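Peer 1: Got a structure for you, final_5.pdb, holding PDB, N, CA and C atoms.
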```
ATOM      1  N   MET A   1     -48.579  40.099  38.638
ATOM      2  CA  MET A   1     -49.459  40.875  39.480
ATOM      3  C   MET A   1     -50.913  40.432  39.289
ATOM      4  N   LYS A   2     -51.355  40.269  38.040
ATOM      5  CA  LYS A   2     -52.741  39.868  37.794
ATOM      6  C   LYS A   2     -53.040  38.503  38.405
ATOM      7  N   LEU A   3     -52.090  37.536  38.272
ATOM      8  CA  LEU A   3     -52.309  36.193  38.797
ATOM      9  C   LEU A   3     -52.481  36.251  40.308
ATOM     10  N   GLY A   4     -51.670  37.065  40.994
ATOM     11  CA  GLY A   4     -51.798  37.201  42.440
ATOM     12  C   GLY A   4     -53.146  37.766  42.839
ATOM     13  N   LEU A   5     -53.634  38.729  42.097
ATOM     14  CA  LEU A   5     -54.931  39.329  42.377
ATOM     15  C   LEU A   5     -56.054  38.326  42.151
ATOM     16  N   ILE A   6     -55.950  37.552  41.081
ATOM     17  CA  ILE A   6     -56.961  36.531  40.793
ATOM     18  C   ILE A   6     -56.972  35.493  41.911
ATOM     19  N   VAL A   7     -55.791  35.040  42.348
ATOM     20  CA  VAL A   7     -55.710  34.039  43.414
ATOM     21  C   VAL A   7     -56.297  34.596  44.712
ATOM     22  N   SER A   8     -56.044  35.876  45.016
ATOM     23  CA  SER A   8     -56.610  36.490  46.219
ATOM     24  C   SER A   8     -58.135  36.501  46.161
ATOM     25  N   PHE A   9     -58.701  36.876  45.011
ATOM     26  CA  PHE A   9     -60.151  36.865  44.862
ATOM     27  C   PHE A   9     -60.702  35.446  44.993
ATOM     28  N   LEU A  10     -59.982  34.457  44.467
ATOM     29  CA  LEU A  10     -60.435  33.071  44.559
ATOM     30  C   LEU A  10     -60.455  32.605  46.008
ATOM     31  N   ALA A  11     -59.452  32.986  46.777
ATOM     32  CA  ALA A  11     -59.409  32.597  48.185
ATOM     33  C   ALA A  11     -60.602  33.176  48.941
ATOM     34  N   ILE A  12     -60.925  34.422  48.683
ATOM     35  CA  ILE A  12     -62.074  35.056  49.330
ATOM     36  C   ILE A  12     -63.368  34.374  48.898
ATOM     37  N   ALA A  13     -63.497  34.073  47.616
ATOM     38  CA  ALA A  13     -64.712  33.432  47.106
ATOM     39  C   ALA A  13     -64.898  32.056  47.726
ATOM     40  N   LEU A  14     -63.803  31.292  47.869
ATOM     41  CA  LEU A  14     -63.918  29.963  48.462
ATOM     42  C   LEU A  14     -64.346  30.084  49.917
ATOM     43  N   PHE A  15     -63.776  31.026  50.631
ATOM     44  CA  PHE A  15     -64.174  31.224  52.018
ATOM     45  C   PHE A  15     -65.661  31.529  52.104
ATOM     46  N   LEU A  16     -66.133  32.435  51.268
ATOM     47  CA  LEU A  16     -67.538  32.827  51.312
ATOM     48  C   LEU A  16     -68.465  31.700  50.896
ATOM     49  N   SER A  17     -68.023  30.845  49.972
ATOM     50  CA  SER A  17     -68.898  29.758  49.528
ATOM     51  C   SER A  17     -69.096  28.713  50.621
ATOM     52  N   GLY A  18     -68.213  28.662  51.606
ATOM     53  CA  GLY A  18     -68.331  27.679  52.680
ATOM     54  C   GLY A  18     -68.838  28.253  53.984
ATOM     55  N   CYS A  19     -69.327  29.486  53.983
ATOM     56  CA  CYS A  19     -69.750  30.131  55.225
ATOM     57  C   CYS A  19     -70.990  29.509  55.840
ATOM     58  N   VAL A  20     -71.900  29.011  55.048
ATOM     59  CA  VAL A  20     -73.123  28.422  55.570
ATOM     60  C   VAL A  20     -73.018  26.923  55.419
ATOM     61  N   GLU A  21     -73.073  26.228  56.530
ATOM     62  CA  GLU A  21     -72.968  24.779  56.466
ATOM     63  C   GLU A  21     -74.361  24.174  56.359
ATOM     64  N   PRO A  22     -74.643  23.522  55.238
ATOM     65  CA  PRO A  22     -75.968  22.935  55.039
ATOM     66  C   PRO A  22     -76.113  21.608  55.767
ATOM     67  N   ALA A  23     -77.300  21.065  55.708
ATOM     68  CA  ALA A  23     -77.525  19.739  56.257
ATOM     69  C   ALA A  23     -76.638  18.745  55.538
ATOM     70  N   LYS A  24     -76.191  17.768  56.265
ATOM     71  CA  LYS A  24     -75.299  16.763  55.691
ATOM     72  C   LYS A  24     -76.082  15.837  54.778
ATOM     73  N   SER A  25     -75.374  15.292  53.791
ATOM     74  CA  SER A  25     -75.997  14.340  52.888
ATOM     75  C   SER A  25     -75.070  13.152  52.793
ATOM     76  N   GLY A  26     -75.521  12.095  52.272
ATOM     77  CA  GLY A  26     -74.650  10.945  52.099
ATOM     78  C   GLY A  26     -75.140   9.805  52.958
ATOM     79  N   GLY A  27     -74.230   9.140  53.635
ATOM     80  CA  GLY A  27     -74.606   8.012  54.445
ATOM     81  C   GLY A  27     -73.376   7.213  54.752
ATOM     82  N   ASN A  28     -73.425   5.941  54.441
ATOM     83  CA  ASN A  28     -72.299   5.077  54.782
ATOM     84  C   ASN A  28     -71.022   5.542  54.116
ATOM     85  N   ASN A  29     -70.793   5.211  52.903
ATOM     86  CA  ASN A  29     -69.643   5.698  52.146
ATOM     87  C   ASN A  29     -70.149   6.084  50.767
ATOM     88  N   PRO A  30     -70.598   7.322  50.617
ATOM     89  CA  PRO A  30     -71.208   7.713  49.343
ATOM     90  C   PRO A  30     -70.197   7.675  48.193
ATOM     91  N   ALA A  31     -70.694   7.365  47.002
ATOM     92  CA  ALA A  31     -69.848   7.424  45.806
ATOM     93  C   ALA A  31     -69.488   8.880  45.557
ATOM     94  N   MET A  32     -68.310   9.106  45.009
ATOM     95  CA  MET A  32     -67.851  10.477  44.781
ATOM     96  C   MET A  32     -67.791  10.797  43.298
ATOM     97  N   ASP A  33     -68.161  12.018  42.948
ATOM     98  CA  ASP A  33     -67.990  12.518  41.593
ATOM     99  C   ASP A  33     -66.497  12.738  41.367
ATOM    100  N   SER A  34     -65.972  12.238  40.280
ATOM    101  CA  SER A  34     -64.526  12.323  40.043
ATOM    102  C   SER A  34     -64.040  13.753  39.804
ATOM    103  N   ASN A  35     -64.907  14.652  39.388
ATOM    104  CA  ASN A  35     -64.507  16.041  39.176
ATOM    105  C   ASN A  35     -64.566  16.870  40.453
ATOM    106  N   THR A  36     -65.631  16.714  41.219
ATOM    107  CA  THR A  36     -65.856  17.580  42.370
ATOM    108  C   THR A  36     -65.333  17.016  43.682
ATOM    109  N   GLY A  37     -65.247  15.695  43.782
ATOM    110  CA  GLY A  37     -64.905  15.064  45.049
ATOM    111  C   GLY A  37     -66.087  15.021  46.000
ATOM    112  N   CYS A  38     -67.282  15.326  45.493
ATOM    113  CA  CYS A  38     -68.507  15.348  46.282
ATOM    114  C   CYS A  38     -69.412  14.195  45.859
ATOM    115  N   PRO A  39     -70.255  13.705  46.776
ATOM    116  CA  PRO A  39     -71.268  12.744  46.339
ATOM    117  C   PRO A  39     -72.166  13.411  45.295
ATOM    118  N   PRO A  40     -72.569  12.694  44.246
ATOM    119  CA  PRO A  40     -73.344  13.296  43.160
ATOM    120  C   PRO A  40     -74.653  13.955  43.593
ATOM    121  N   ASP A  41     -75.272  13.475  44.656
ATOM    122  CA  ASP A  41     -76.562  14.035  45.073
ATOM    123  C   ASP A  41     -76.424  15.157  46.108
ATOM    124  N   THR A  42     -75.209  15.551  46.419
ATOM    125  CA  THR A  42     -74.985  16.592  47.420
ATOM    126  C   THR A  42     -75.062  17.969  46.788
ATOM    127  N   GLU A  43     -75.722  18.884  47.484
ATOM    128  CA  GLU A  43     -75.837  20.251  46.981
ATOM    129  C   GLU A  43     -74.483  20.949  47.025
ATOM    130  N   LEU A  44     -74.173  21.669  45.944
ATOM    131  CA  LEU A  44     -72.936  22.447  45.888
ATOM    132  C   LEU A  44     -73.223  23.883  46.296
ATOM    133  N   TYR A  45     -72.327  24.454  47.045
ATOM    134  CA  TYR A  45     -72.405  25.856  47.454
ATOM    135  C   TYR A  45     -71.263  26.575  46.768
ATOM    136  N   CYS A  46     -71.609  27.469  45.840
ATOM    137  CA  CYS A  46     -70.600  28.102  44.984
ATOM    138  C   CYS A  46     -70.642  29.619  45.097
ATOM    139  N   SER A  47     -69.485  30.207  44.875
ATOM    140  CA  SER A  47     -69.383  31.661  44.790
ATOM    141  C   SER A  47     -69.929  32.099  43.443
ATOM    142  N   GLY A  48     -69.979  33.396  43.227
ATOM    143  CA  GLY A  48     -70.279  33.909  41.895
ATOM    144  C   GLY A  48     -69.048  33.759  41.020
ATOM    145  N   TRP A  49     -69.205  34.003  39.748
ATOM    146  CA  TRP A  49     -68.082  33.911  38.815
ATOM    147  C   TRP A  49     -67.111  35.073  39.032
ATOM    148  N   ILE A  50     -65.839  34.762  39.053
ATOM    149  CA  ILE A  50     -64.781  35.775  39.108
ATOM    150  C   ILE A  50     -64.252  35.922  37.689
ATOM    151  N   LEU A  51     -64.307  37.125  37.172
ATOM    152  CA  LEU A  51     -63.906  37.371  35.794
ATOM    153  C   LEU A  51     -62.393  37.380  35.680
ATOM    154  N   ALA A  52     -61.888  36.690  34.672
ATOM    155  CA  ALA A  52     -60.455  36.637  34.382
ATOM    156  C   ALA A  52     -60.293  36.849  32.873
ATOM    157  N   PRO A  53     -59.070  37.101  32.413
ATOM    158  CA  PRO A  53     -58.880  37.445  30.996
ATOM    159  C   PRO A  53     -59.402  36.418  29.987
ATOM    160  N   SER A  54     -59.209  35.114  30.227
ATOM    161  CA  SER A  54     -59.602  34.163  29.189
ATOM    162  C   SER A  54     -60.767  33.256  29.562
ATOM    163  N   CYS A  55     -61.147  33.214  30.827
ATOM    164  CA  CYS A  55     -62.328  32.473  31.261
ATOM    165  C   CYS A  55     -62.687  32.964  32.657
ATOM    166  N   ASN A  56     -63.739  32.443  33.231
ATOM    167  CA  ASN A  56     -64.171  32.855  34.553
ATOM    168  C   ASN A  56     -63.987  31.702  35.528
ATOM    169  N   ILE A  57     -63.928  32.029  36.814
ATOM    170  CA  ILE A  57     -63.630  31.029  37.839
ATOM    171  C   ILE A  57     -64.609  31.201  38.994
ATOM    172  N   LYS A  58     -65.072  30.065  39.555
ATOM    173  CA  LYS A  58     -65.824  30.124  40.794
ATOM    174  C   LYS A  58     -65.352  29.011  41.715
ATOM    175  N   SER A  59     -65.555  29.217  43.003
ATOM    176  CA  SER A  59     -65.189  28.203  43.985
ATOM    177  C   SER A  59     -66.461  27.541  44.491
ATOM    178  N   CYS A  60     -66.348  26.257  44.783
ATOM    179  CA  CYS A  60     -67.501  25.499  45.269
ATOM    180  C   CYS A  60     -67.078  24.580  46.409
ATOM    181  N   SER A  61     -68.033  24.292  47.267
ATOM    182  CA  SER A  61     -67.829  23.354  48.373
ATOM    183  C   SER A  61     -69.081  22.515  48.525
ATOM    184  N   CYS A  62     -68.916  21.333  49.089
ATOM    185  CA  CYS A  62     -70.052  20.506  49.480
ATOM    186  C   CYS A  62     -69.763  19.942  50.862
ATOM    187  N   PHE A  63     -70.826  19.639  51.579
ATOM    188  CA  PHE A  63     -70.723  19.069  52.914
ATOM    189  C   PHE A  63     -71.480  17.749  52.896
ATOM    190  N   TYR A  64     -70.882  16.697  53.469
ATOM    191  CA  TYR A  64     -71.524  15.393  53.441
ATOM    192  C   TYR A  64     -71.023  14.553  54.608
ATOM    193  N   SER A  65     -71.673  13.440  54.828
ATOM    194  CA  SER A  65     -71.267  12.492  55.863
ATOM    195  C   SER A  65     -70.940  11.170  55.211
ATOM    196  N   ASP A  66     -69.900  10.521  55.723
ATOM    197  CA  ASP A  66     -69.639   9.140  55.333
ATOM    198  C   ASP A  66     -69.682   8.306  56.618
ATOM    199  N   SER A  67     -69.273   7.065  56.566
ATOM    200  CA  SER A  67     -69.415   6.204  57.737
ATOM    201  C   SER A  67     -68.532   6.637  58.899
ATOM    202  N   ALA A  68     -67.486   7.400  58.640
ATOM    203  CA  ALA A  68     -66.551   7.755  59.703
ATOM    204  C   ALA A  68     -66.730   9.174  60.239
ATOM    205  N   ARG A  69     -67.237  10.101  59.411
ATOM    206  CA  ARG A  69     -67.193  11.495  59.833
ATOM    207  C   ARG A  69     -68.031  12.386  58.932
ATOM    208  N   ASP A  70     -68.200  13.621  59.369
ATOM    209  CA  ASP A  70     -68.722  14.667  58.500
ATOM    210  C   ASP A  70     -67.541  15.198  57.702
ATOM    211  N   ALA A  71     -67.764  15.558  56.457
ATOM    212  CA  ALA A  71     -66.653  15.952  55.601
ATOM    213  C   ALA A  71     -67.050  17.123  54.705
ATOM    214  N   VAL A  72     -66.032  17.749  54.138
ATOM    215  CA  VAL A  72     -66.219  18.832  53.183
ATOM    216  C   VAL A  72     -65.255  18.610  52.026
ATOM    217  N   ALA A  73     -65.691  18.951  50.839
ATOM    218  CA  ALA A  73     -64.813  18.940  49.667
ATOM    219  C   ALA A  73     -64.959  20.296  48.993
ATOM    220  N   SER A  74     -63.855  20.817  48.489
ATOM    221  CA  SER A  74     -63.867  22.119  47.824
ATOM    222  C   SER A  74     -63.070  22.037  46.535
ATOM    223  N   PHE A  75     -63.447  22.884  45.584
ATOM    224  CA  PHE A  75     -62.759  22.886  44.297
ATOM    225  C   PHE A  75     -63.031  24.196  43.586
ATOM    226  N   TYR A  76     -62.266  24.455  42.542
ATOM    227  CA  TYR A  76     -62.497  25.595  41.664
ATOM    228  C   TYR A  76     -62.978  25.054  40.326
ATOM    229  N   LEU A  77     -63.879  25.781  39.707
ATOM    230  CA  LEU A  77     -64.446  25.419  38.408
ATOM    231  C   LEU A  77     -64.286  26.607  37.474
ATOM    232  N   THR A  78     -63.797  26.357  36.268
ATOM    233  CA  THR A  78     -63.679  27.425  35.280
ATOM    234  C   THR A  78     -64.887  27.382  34.350
ATOM    235  N   SER A  79     -65.136  28.483  33.679
ATOM    236  CA  SER A  79     -66.286  28.564  32.782
ATOM    237  C   SER A  79     -66.138  27.657  31.561
ATOM    238  N   ASP A  80     -64.933  27.127  31.336
ATOM    239  CA  ASP A  80     -64.765  26.147  30.256
ATOM    240  C   ASP A  80     -64.722  24.716  30.822
ATOM    241  N   ASN A  81     -65.325  24.540  32.002
ATOM    242  CA  ASN A  81     -65.534  23.235  32.654
ATOM    243  C   ASN A  81     -64.263  22.492  33.025
ATOM    244  N   GLN A  82     -63.261  23.191  33.492
ATOM    245  CA  GLN A  82     -62.091  22.544  34.063
ATOM    246  C   GLN A  82     -62.230  22.590  35.581
ATOM    247  N   TYR A  83     -61.945  21.476  36.245
ATOM    248  CA  TYR A  83     -62.065  21.366  37.690
ATOM    249  C   TYR A  83     -60.682  21.337  38.317
ATOM    250  N   PHE A  84     -60.525  22.037  39.441
ATOM    251  CA  PHE A  84     -59.272  22.077  40.176
ATOM    252  C   PHE A  84     -59.585  21.806  41.643
ATOM    253  N   PRO A  85     -59.467  20.529  42.071
ATOM    254  CA  PRO A  85     -59.835  20.177  43.442
ATOM    255  C   PRO A  85     -58.800  20.665  44.454
ATOM    256  N   CYS A  86     -59.298  20.999  45.631
ATOM    257  CA  CYS A  86     -58.416  21.354  46.738
ATOM    258  C   CYS A  86     -57.856  20.063  47.337
ATOM    259  N   SER A  87     -56.748  20.169  48.027
ATOM    260  CA  SER A  87     -56.145  18.981  48.630
ATOM    261  C   SER A  87     -56.421  18.958  50.127
ATOM    262  N   GLY A  88     -56.200  17.820  50.731
ATOM    263  CA  GLY A  88     -56.415  17.680  52.166
ATOM    264  C   GLY A  88     -57.869  17.432  52.484
ATOM    265  N   GLU A  89     -58.161  17.415  53.786
ATOM    266  CA  GLU A  89     -59.536  17.201  54.208
ATOM    267  C   GLU A  89     -59.761  17.824  55.571
ATOM    268  N   GLY A  90     -61.017  18.041  55.881
ATOM    269  CA  GLY A  90     -61.380  18.618  57.172
ATOM    270  C   GLY A  90     -60.778  19.989  57.383
ATOM    271  N   SER A  91     -60.253  20.205  58.573
ATOM    272  CA  SER A  91     -59.662  21.508  58.885
ATOM    273  C   SER A  91     -58.305  21.697  58.223
ATOM    274  N   ALA A  92     -57.786  20.651  57.591
ATOM    275  CA  ALA A  92     -56.485  20.739  56.917
ATOM    276  C   ALA A  92     -56.620  20.901  55.407
ATOM    277  N   ILE A  93     -57.804  21.295  54.949
ATOM    278  CA  ILE A  93     -58.006  21.466  53.504
ATOM    279  C   ILE A  93     -57.193  22.662  53.010
ATOM    280  N   SER A  94     -56.576  22.502  51.861
ATOM    281  CA  SER A  94     -55.765  23.578  51.291
ATOM    282  C   SER A  94     -56.159  23.782  49.833
ATOM    283  N   CYS A  95     -56.421  25.039  49.485
ATOM    284  CA  CYS A  95     -56.857  25.354  48.134
ATOM    285  C   CYS A  95     -55.877  26.261  47.397
ATOM    286  N   GLU A  96     -54.729  26.508  47.980
ATOM    287  CA  GLU A  96     -53.780  27.429  47.358
ATOM    288  C   GLU A  96     -53.327  26.938  45.986
ATOM    289  N   ALA A  97     -52.928  25.673  45.886
ATOM    290  CA  ALA A  97     -52.459  25.139  44.599
ATOM    291  C   ALA A  97     -53.584  25.128  43.570
ATOM    292  N   ALA A  98     -54.796  24.754  43.982
ATOM    293  CA  ALA A  98     -55.932  24.730  43.064
ATOM    294  C   ALA A  98     -56.245  26.133  42.561
ATOM    295  N   ALA A  99     -56.190  27.121  43.449
ATOM    296  CA  ALA A  99     -56.448  28.508  43.055
ATOM    297  C   ALA A  99     -55.390  28.997  42.074
ATOM    298  N   GLN A 100     -54.147  28.640  42.316
ATOM    299  CA  GLN A 100     -53.076  29.051  41.406
ATOM    300  C   GLN A 100     -53.246  28.417  40.034
ATOM    301  N   GLN A 101     -53.609  27.135  40.002
ATOM    302  CA  GLN A 101     -53.810  26.459  38.716
ATOM    303  C   GLN A 101     -54.967  27.085  37.947
ATOM    304  N   ALA A 102     -56.079  27.311  38.613
ATOM    305  CA  ALA A 102     -57.231  27.931  37.938
ATOM    306  C   ALA A 102     -56.872  29.333  37.472
ATOM    307  N   GLY A 103     -56.136  30.067  38.303
ATOM    308  CA  GLY A 103     -55.713  31.424  37.920
ATOM    309  C   GLY A 103     -54.788  31.426  36.725
ATOM    310  N   GLN A 104     -53.912  30.429  36.645
ATOM    311  CA  GLN A 104     -53.015  30.352  35.479
ATOM    312  C   GLN A 104     -53.777  30.037  34.214
ATOM    313  N   VAL A 105     -54.742  29.137  34.295
ATOM    314  CA  VAL A 105     -55.534  28.764  33.125
ATOM    315  C   VAL A 105     -56.351  29.954  32.623
ATOM    316  N   CYS A 106     -57.023  30.633  33.531
ATOM    317  CA  CYS A 106     -57.915  31.721  33.127
ATOM    318  C   CYS A 106     -57.219  33.078  33.080
ATOM    319  N   GLY A 107     -56.021  33.156  33.600
ATOM    320  CA  GLY A 107     -55.310  34.427  33.625
ATOM    321  C   GLY A 107     -54.568  34.742  32.341
ATOM    322  N   GLN A 108     -54.496  33.783  31.442
ATOM    323  CA  GLN A 108     -53.811  33.987  30.162
ATOM    324  C   GLN A 108     -54.699  34.794  29.219
ATOM    325  N   GLN A 109     -54.112  35.665  28.481
ATOM    326  CA  GLN A 109     -54.868  36.436  27.479
ATOM    327  C   GLN A 109     -55.318  35.478  26.367
ATOM    328  N   PRO A 110     -56.562  35.563  25.917
ATOM    329  CA  PRO A 110     -57.022  34.699  24.819
ATOM    330  C   PRO A 110     -56.204  34.967  23.555
ATOM    331  N   GLN A 111     -56.010  33.894  22.795
ATOM    332  CA  GLN A 111     -55.192  34.023  21.584
ATOM    333  C   GLN A 111     -56.054  34.177  20.360
TER     334      GLN A 111
END
```
Mind converting the file's structure to structure tokens?
Peer 2:
Amino acid sequence: MKLGLIVSFLAIALFLSGCVEPAKSGGNNPAMDSNTGCPPDTELYCSGWILAPSCNIKSCSCFYSDSARDAVASFYLTSDNQYFPCSGEGSAISCEAAAQQAGQVCGQQPQ
């Protein structure tokens, strides 16, 4: 039950973090940060921290342009610096698996 509630809050937070689309950044084919999937100089738009039993979670998105298109990348970040990237791209982006993974990591009671 707790994991489902955490995942629901994460889905809402990710939606809210992407509500305002900022100016695009990047250019031809920007280099990507291996943790975020975003160009390093792109501004991140993140939710507030969602409290969980063993760590906290927030969702983040970035908007950028490459040589072919405008793009978005989204991911979850835990307060102990673990990254859980969403899969897919554009309108087919899916964050369900990433939210579940972050919820499992932070949903465990500390030992």
Peer 1: Atom N of Thr36 of chain A and atom N of Gln108 of chain A, how far apart in Å?
Peer 2: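 That distance, rounded to one decimal, is 22.6 Å.
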Peer 1: Would you compute the distance between atom CA of Ser74 of chain A and atom C of Cys86 of chain A? Give it in Å to one decimal.
Peer 2: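 Interatomic distance here is 6.4 Å.
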Peer 1: Using only C-alpha atoms, find the one residue out of A:Leu44, A:Leu77, A:Ile50, A:Val105 that sits nearest to Phe63 of chain A.
Peer 2: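 Once distances to Phe63 of chain A are computed over only C-alpha atoms, the minimum belongs to A:Leu44.
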Peer 1: May I ask for the distance between atom C of Gln82 of chain A and atom CA of Glu96 of chain A, given in Å to one decimal place?
Peer 2: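 Value for the atom C of Gln82 of chain A-atom CA of Glu96 of chain A distance: 15.3 Å.
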Peer 1: Can you tell me, as a ChimeraX atom specification, which residues sit within 10 Å of (-55.3, 27.1, 42.7) in the file's frame, using only C-alpha atoms?
Peer 2: /A:6-7,10-11,75-76,84-86,94-105
Peer 1: For the provided coordinates, the residues matched by the PyMOL selection byres ((chain A and resi 72) around 7) should be stated as a PyMOL selection string.
Peer 2: chain A and resi 61-64+70-71+73-74+89-90
Peer 1: Write down as a ChimeraX atom specification the residues of segment 34-109 of chain A whose backbone DSSP state falls under helix (DSSP H, G or I).
Peer 2: /A:90-92,96-107
Peer 1: Which residue out of A:Asp33, A:Ser91, A:Pro40, A:Ser79 has the minimum interatomic distance to Cys55 of chain A when all atoms listed in the file are used?
Peer 2: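 Closest residue, counting all atoms listed in the file: A:Ser79.
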Peer 1: Just checking: using only C-alpha atoms, which residue out of A:Ser54, A:Ser59, A:Ser47, A:Ser65 ends up closest to Ala31 of chain A?
Peer 2: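 Nearest to Ala31 of chain A: A:Ser65.
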